[in-house]
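Peer 1: Structure file coords_9.txt (compact mmCIF, N, CA and C atoms) right here:
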```txt
# COMPACT_ATOMS: atom_id res chain seq x y z
N MET A 1144 -10.43 -66.74 35.29
CA MET A 1144 -11.38 -67.42 34.43
C MET A 1144 -12.81 -67.18 34.91
N ARG A 1145 -13.00 -67.19 36.22
CA ARG A 1145 -14.35 -66.99 36.75
C ARG A 1145 -14.84 -65.58 36.48
N ARG A 1146 -13.94 -64.61 36.46
CA ARG A 1146 -14.34 -63.23 36.22
C ARG A 1146 -14.67 -63.00 34.74
N ALA A 1147 -13.98 -63.70 33.87
CA ALA A 1147 -14.19 -63.51 32.43
C ALA A 1147 -15.47 -64.18 31.94
N LEU A 1148 -15.91 -65.21 32.62
CA LEU A 1148 -17.10 -65.94 32.17
C LEU A 1148 -18.36 -65.06 32.16
N PRO A 1149 -18.68 -64.27 33.19
CA PRO A 1149 -19.87 -63.42 33.12
C PRO A 1149 -19.78 -62.35 32.03
N VAL A 1150 -18.58 -61.83 31.80
CA VAL A 1150 -18.40 -60.84 30.75
C VAL A 1150 -18.65 -61.46 29.38
N LEU A 1151 -18.15 -62.66 29.17
CA LEU A 1151 -18.37 -63.34 27.90
C LEU A 1151 -19.84 -63.69 27.70
N LEU A 1152 -20.53 -64.05 28.77
CA LEU A 1152 -21.96 -64.36 28.67
C LEU A 1152 -22.77 -63.10 28.34
N LEU A 1153 -22.33 -61.93 28.82
CA LEU A 1153 -23.03 -60.69 28.49
C LEU A 1153 -22.80 -60.28 27.03
N LEU A 1154 -21.63 -60.58 26.48
CA LEU A 1154 -21.32 -60.21 25.11
C LEU A 1154 -21.88 -61.20 24.09
N LEU A 1155 -22.31 -62.36 24.51
CA LEU A 1155 -22.81 -63.39 23.60
C LEU A 1155 -24.01 -62.94 22.77
N PRO A 1156 -25.03 -62.26 23.32
CA PRO A 1156 -26.18 -61.87 22.47
C PRO A 1156 -25.92 -60.67 21.57
N LEU A 1157 -24.80 -59.97 21.70
CA LEU A 1157 -24.53 -58.78 20.87
C LEU A 1157 -24.49 -59.06 19.37
N PRO A 1158 -23.82 -60.10 18.88
CA PRO A 1158 -23.84 -60.32 17.43
C PRO A 1158 -25.23 -60.56 16.87
N ALA A 1159 -26.10 -61.18 17.62
CA ALA A 1159 -27.46 -61.43 17.14
C ALA A 1159 -28.25 -60.12 17.05
N MET A 1160 -28.00 -59.17 17.95
CA MET A 1160 -28.74 -57.91 17.92
C MET A 1160 -28.17 -56.95 16.90
N ALA A 1161 -26.89 -57.05 16.56
CA ALA A 1161 -26.25 -56.08 15.68
C ALA A 1161 -26.34 -56.43 14.20
N GLN A 1162 -27.08 -57.45 13.84
CA GLN A 1162 -27.18 -57.84 12.44
C GLN A 1162 -27.99 -56.81 11.66
N PRO A 1163 -27.45 -56.32 10.54
CA PRO A 1163 -28.20 -55.35 9.74
C PRO A 1163 -29.35 -56.03 8.99
N ALA A 1164 -30.29 -55.23 8.54
CA ALA A 1164 -31.41 -55.76 7.76
C ALA A 1164 -30.89 -56.31 6.43
N ALA A 1165 -31.56 -57.34 5.96
CA ALA A 1165 -31.13 -57.98 4.71
C ALA A 1165 -31.36 -57.02 3.54
N VAL A 1166 -30.32 -56.83 2.74
CA VAL A 1166 -30.40 -55.97 1.56
C VAL A 1166 -30.86 -56.83 0.39
N PRO A 1167 -31.95 -56.46 -0.28
CA PRO A 1167 -32.41 -57.27 -1.40
C PRO A 1167 -31.44 -57.16 -2.58
N MET A 1168 -31.26 -58.27 -3.26
CA MET A 1168 -30.40 -58.28 -4.45
C MET A 1168 -31.16 -57.68 -5.62
N CYS A 1169 -30.44 -57.03 -6.49
CA CYS A 1169 -31.03 -56.44 -7.68
C CYS A 1169 -31.02 -57.50 -8.79
N LEU A 1170 -32.17 -58.06 -9.08
CA LEU A 1170 -32.32 -59.12 -10.08
C LEU A 1170 -33.31 -58.68 -11.15
N ALA A 1171 -33.40 -59.47 -12.21
CA ALA A 1171 -34.33 -59.15 -13.30
C ALA A 1171 -35.77 -59.11 -12.80
N GLN A 1172 -36.12 -59.94 -11.83
CA GLN A 1172 -37.48 -59.97 -11.30
C GLN A 1172 -37.79 -58.73 -10.48
N ARG A 1173 -36.78 -58.01 -10.02
CA ARG A 1173 -36.98 -56.83 -9.18
C ARG A 1173 -36.67 -55.53 -9.91
N GLU A 1174 -36.57 -55.58 -11.23
CA GLU A 1174 -36.28 -54.36 -12.00
C GLU A 1174 -37.37 -53.33 -11.76
N GLY A 1175 -36.96 -52.09 -11.46
CA GLY A 1175 -37.90 -51.02 -11.16
C GLY A 1175 -38.18 -50.86 -9.68
N MET A 1176 -37.73 -51.79 -8.84
CA MET A 1176 -37.93 -51.71 -7.40
C MET A 1176 -36.98 -50.68 -6.80
N THR A 1177 -37.43 -49.95 -5.79
CA THR A 1177 -36.57 -48.98 -5.11
C THR A 1177 -36.28 -49.48 -3.70
N PHE A 1178 -35.12 -49.08 -3.17
CA PHE A 1178 -34.71 -49.47 -1.83
C PHE A 1178 -33.89 -48.32 -1.26
N CYS A 1179 -34.05 -48.06 0.01
CA CYS A 1179 -33.35 -46.96 0.67
C CYS A 1179 -32.02 -47.44 1.23
N PHE A 1180 -30.92 -46.96 0.67
CA PHE A 1180 -29.58 -47.22 1.17
C PHE A 1180 -29.11 -45.95 1.86
N ALA A 1181 -28.94 -45.99 3.17
CA ALA A 1181 -28.53 -44.83 3.97
C ALA A 1181 -29.53 -43.70 3.74
N THR A 1182 -29.19 -42.69 2.97
CA THR A 1182 -30.11 -41.57 2.74
C THR A 1182 -30.51 -41.44 1.28
N LYS A 1183 -30.19 -42.43 0.45
CA LYS A 1183 -30.44 -42.36 -1.00
C LYS A 1183 -31.45 -43.43 -1.40
N LEU A 1184 -32.45 -43.05 -2.20
CA LEU A 1184 -33.45 -43.98 -2.71
C LEU A 1184 -32.93 -44.54 -4.03
N CYS A 1185 -32.46 -45.79 -3.99
CA CYS A 1185 -31.81 -46.41 -5.15
C CYS A 1185 -32.81 -47.20 -5.97
N LEU A 1186 -32.56 -47.32 -7.27
CA LEU A 1186 -33.44 -47.99 -8.21
C LEU A 1186 -32.73 -49.19 -8.80
N CYS A 1187 -33.41 -50.34 -8.84
CA CYS A 1187 -32.85 -51.55 -9.45
C CYS A 1187 -33.09 -51.44 -10.96
N ARG A 1188 -32.00 -51.47 -11.73
CA ARG A 1188 -32.14 -51.35 -13.18
C ARG A 1188 -31.01 -52.09 -13.88
N PHE A 1189 -31.17 -52.32 -15.19
CA PHE A 1189 -30.15 -53.00 -15.97
C PHE A 1189 -29.05 -52.02 -16.33
N ASP A 1190 -27.80 -52.45 -16.14
CA ASP A 1190 -26.64 -51.63 -16.48
C ASP A 1190 -25.87 -52.37 -17.56
N ALA A 1191 -25.56 -51.67 -18.64
CA ALA A 1191 -24.88 -52.30 -19.77
C ALA A 1191 -23.43 -52.64 -19.47
N GLY A 1192 -22.87 -52.08 -18.39
CA GLY A 1192 -21.47 -52.35 -18.08
C GLY A 1192 -20.57 -51.71 -19.12
N GLY A 1193 -19.40 -52.29 -19.34
CA GLY A 1193 -18.51 -51.77 -20.37
C GLY A 1193 -17.06 -51.83 -19.95
N SER A 1194 -16.20 -51.59 -20.91
CA SER A 1194 -14.78 -51.67 -20.63
C SER A 1194 -14.29 -50.47 -19.82
N LEU A 1195 -15.00 -49.34 -19.89
CA LEU A 1195 -14.59 -48.17 -19.14
C LEU A 1195 -14.79 -48.38 -17.64
N THR A 1196 -15.92 -48.98 -17.27
CA THR A 1196 -16.19 -49.24 -15.86
C THR A 1196 -15.59 -50.56 -15.39
N GLY A 1197 -15.32 -51.47 -16.33
CA GLY A 1197 -14.77 -52.77 -15.97
C GLY A 1197 -15.81 -53.71 -15.39
N LEU A 1198 -17.08 -53.41 -15.59
CA LEU A 1198 -18.15 -54.25 -15.06
C LEU A 1198 -18.88 -54.96 -16.19
N PRO A 1199 -19.26 -56.22 -15.97
CA PRO A 1199 -20.03 -56.92 -16.99
C PRO A 1199 -21.47 -56.41 -16.99
N PRO A 1200 -22.23 -56.65 -18.07
CA PRO A 1200 -23.63 -56.24 -18.09
C PRO A 1200 -24.42 -57.01 -17.03
N GLY A 1201 -25.38 -56.34 -16.43
CA GLY A 1201 -26.22 -56.99 -15.42
C GLY A 1201 -27.08 -55.98 -14.70
N PHE A 1202 -27.86 -56.48 -13.74
CA PHE A 1202 -28.76 -55.64 -12.95
C PHE A 1202 -28.01 -55.12 -11.74
N ARG A 1203 -28.12 -53.80 -11.51
CA ARG A 1203 -27.42 -53.16 -10.39
C ARG A 1203 -28.31 -52.08 -9.78
N TRP A 1204 -27.97 -51.70 -8.54
CA TRP A 1204 -28.67 -50.60 -7.88
C TRP A 1204 -28.12 -49.28 -8.40
N ASP A 1205 -29.01 -48.41 -8.86
CA ASP A 1205 -28.64 -47.07 -9.32
C ASP A 1205 -28.85 -46.11 -8.14
N CYS A 1206 -27.74 -45.66 -7.56
CA CYS A 1206 -27.79 -44.73 -6.43
C CYS A 1206 -27.07 -43.44 -6.79
N GLY A 1207 -27.19 -43.02 -8.04
CA GLY A 1207 -26.47 -41.85 -8.53
C GLY A 1207 -26.88 -40.56 -7.86
N VAL A 1208 -26.15 -39.50 -8.16
CA VAL A 1208 -26.39 -38.21 -7.54
C VAL A 1208 -27.73 -37.60 -7.93
N LEU A 1209 -28.32 -38.03 -9.03
CA LEU A 1209 -29.62 -37.50 -9.45
C LEU A 1209 -30.79 -38.22 -8.81
N ARG A 1210 -30.53 -39.30 -8.07
CA ARG A 1210 -31.60 -40.03 -7.39
C ARG A 1210 -32.06 -39.23 -6.17
N PRO A 1211 -33.37 -39.28 -5.84
CA PRO A 1211 -33.87 -38.53 -4.68
C PRO A 1211 -33.43 -39.18 -3.37
N GLY A 1212 -33.57 -38.42 -2.30
CA GLY A 1212 -33.28 -38.95 -0.97
C GLY A 1212 -34.43 -39.83 -0.48
N CYS A 1213 -34.19 -40.56 0.59
CA CYS A 1213 -35.23 -41.42 1.16
C CYS A 1213 -36.36 -40.56 1.71
N GLY A 1214 -37.57 -40.98 1.47
CA GLY A 1214 -38.73 -40.26 1.95
C GLY A 1214 -39.16 -39.12 1.04
N VAL A 1215 -38.45 -38.90 -0.05
CA VAL A 1215 -38.78 -37.84 -0.99
C VAL A 1215 -39.41 -38.48 -2.22
N VAL A 1216 -40.58 -38.02 -2.59
CA VAL A 1216 -41.25 -38.54 -3.78
C VAL A 1216 -40.81 -37.70 -4.96
N ALA A 1217 -40.32 -38.36 -5.99
CA ALA A 1217 -39.85 -37.64 -7.18
C ALA A 1217 -41.05 -37.07 -7.93
N PRO A 1218 -41.06 -35.78 -8.22
CA PRO A 1218 -42.18 -35.18 -8.94
C PRO A 1218 -42.12 -35.54 -10.42
N ASP A 1219 -43.03 -36.44 -10.85
CA ASP A 1219 -43.01 -36.84 -12.25
C ASP A 1219 -44.16 -36.21 -13.04
N THR A 1220 -45.17 -35.71 -12.37
CA THR A 1220 -46.30 -35.11 -13.09
C THR A 1220 -46.33 -33.59 -12.93
N GLU A 1221 -45.47 -33.05 -12.11
CA GLU A 1221 -45.44 -31.60 -11.90
C GLU A 1221 -44.81 -30.90 -13.09
N ALA A 1222 -45.32 -29.75 -13.41
CA ALA A 1222 -44.71 -28.95 -14.46
C ALA A 1222 -43.41 -28.34 -13.92
N PRO A 1223 -42.41 -28.22 -14.76
CA PRO A 1223 -41.17 -27.62 -14.27
C PRO A 1223 -41.38 -26.16 -13.88
N ALA A 1224 -40.63 -25.73 -12.91
CA ALA A 1224 -40.76 -24.35 -12.44
C ALA A 1224 -40.32 -23.39 -13.53
N GLN A 1225 -41.08 -22.35 -13.72
CA GLN A 1225 -40.77 -21.36 -14.73
C GLN A 1225 -39.89 -20.27 -14.12
N ALA A 1226 -38.86 -19.92 -14.83
CA ALA A 1226 -37.99 -18.84 -14.38
C ALA A 1226 -38.70 -17.51 -14.60
N PRO A 1227 -38.55 -16.57 -13.69
CA PRO A 1227 -39.20 -15.26 -13.90
C PRO A 1227 -38.57 -14.55 -15.09
N VAL A 1228 -39.42 -13.85 -15.83
CA VAL A 1228 -38.95 -13.10 -16.99
C VAL A 1228 -38.55 -11.71 -16.52
N ILE A 1229 -37.34 -11.33 -16.79
CA ILE A 1229 -36.85 -10.03 -16.37
C ILE A 1229 -36.77 -9.14 -17.62
N VAL A 1230 -37.52 -8.07 -17.60
CA VAL A 1230 -37.54 -7.14 -18.74
C VAL A 1230 -36.67 -5.95 -18.37
N GLN A 1231 -35.67 -5.73 -19.17
CA GLN A 1231 -34.80 -4.58 -18.95
C GLN A 1231 -35.00 -3.59 -20.09
N PRO A 1232 -35.06 -2.33 -19.78
CA PRO A 1232 -35.26 -1.34 -20.85
C PRO A 1232 -34.00 -1.24 -21.71
N PHE A 1233 -34.24 -1.00 -22.97
CA PHE A 1233 -33.11 -0.84 -23.90
C PHE A 1233 -32.65 0.60 -23.85
N ILE A 1234 -31.40 0.79 -23.59
CA ILE A 1234 -30.84 2.14 -23.50
C ILE A 1234 -30.03 2.38 -24.76
N GLN A 1235 -30.41 3.43 -25.49
CA GLN A 1235 -29.72 3.78 -26.73
C GLN A 1235 -28.32 4.27 -26.38
N PRO A 1236 -27.30 3.61 -26.92
CA PRO A 1236 -25.95 4.07 -26.61
C PRO A 1236 -25.67 5.39 -27.29
N THR A 1237 -24.84 6.18 -26.68
CA THR A 1237 -24.44 7.46 -27.27
C THR A 1237 -23.02 7.31 -27.77
N TRP A 1238 -22.85 7.56 -29.06
CA TRP A 1238 -21.55 7.40 -29.66
C TRP A 1238 -20.87 8.75 -29.77
N PRO A 1239 -19.59 8.80 -29.50
CA PRO A 1239 -18.90 10.07 -29.69
C PRO A 1239 -18.77 10.32 -31.20
N GLY A 1240 -19.26 11.35 -31.63
CA GLY A 1240 -19.22 11.68 -33.06
C GLY A 1240 -19.01 13.17 -33.23
N PRO A 1241 -19.31 13.65 -34.41
CA PRO A 1241 -19.13 15.09 -34.61
C PRO A 1241 -20.10 15.86 -33.73
N THR A 1242 -19.58 16.84 -33.11
CA THR A 1242 -20.41 17.66 -32.23
C THR A 1242 -21.09 18.76 -33.06
N PRO A 1243 -22.32 19.08 -32.80
CA PRO A 1243 -23.00 20.13 -33.55
C PRO A 1243 -22.38 21.50 -33.24
N ARG A 1244 -22.32 22.39 -34.22
CA ARG A 1244 -21.71 23.71 -34.03
C ARG A 1244 -22.72 24.73 -33.71
```
Rewrite the coordinates I just gave you, this time as structure tokens.
Peer 2:
Amino acid sequence: MRRALPVLLLLLPLPAMAQPAAVPMCLAQREGMTFCFATKLCLCRFDAGGSLTGLPPGFRWDCGVLRPGCGVVAPDTEAPAQAPVIVQPFIQPTWPGPTPR
């Protein structure tokens, strides 16, 4: 018992240090707010729910695959990149036909 007491006293502050940061709830007042979950920048928005997903309508975090990563600013005013135009010469096909005599 005497040996276990110092070990227990050393482990006592661990739960207080290991608490994760509070995750904000996605509510109507926070619609449009972004929050970083792991490596994804999620957006609080209204989700219509539905019978396919089995979820009722409400506000949820959108962390879909099209969302940017944390620390990345989504380019909303940039013009989309233009693909290079490749010009290929037109080659007249040669058809087998009557041969000149």
Peer 1: What is the distance between atom C of Gly1214 of chain A and atom C of Cys1187 of chain A, in Å to one decimal?
Peer 2: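 It comes out at 18.2 Å.
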Peer 1: Between atom CA of Cys1213 of chain A and atom CA of Gly1197 of chain A, what is the spacing in Å?
Peer 2: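 Between these atoms lies a distance of 29.0 Å.
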Peer 1: How far is it from atom CA of Pro1211 of chain A to atom CA of Ser1194 of chain A, in Å with one decimal?
Peer 2: 28.1 Å
Peer 1: Near Cys1179 of chain A, counting all atoms listed in the file, which residues have an atom at most 8 Å away, once you skip same-chain residues fewer than 4 positions from it, shown as number ranges by chain?
Peer 2: A: 1183-1186, 1212-1214
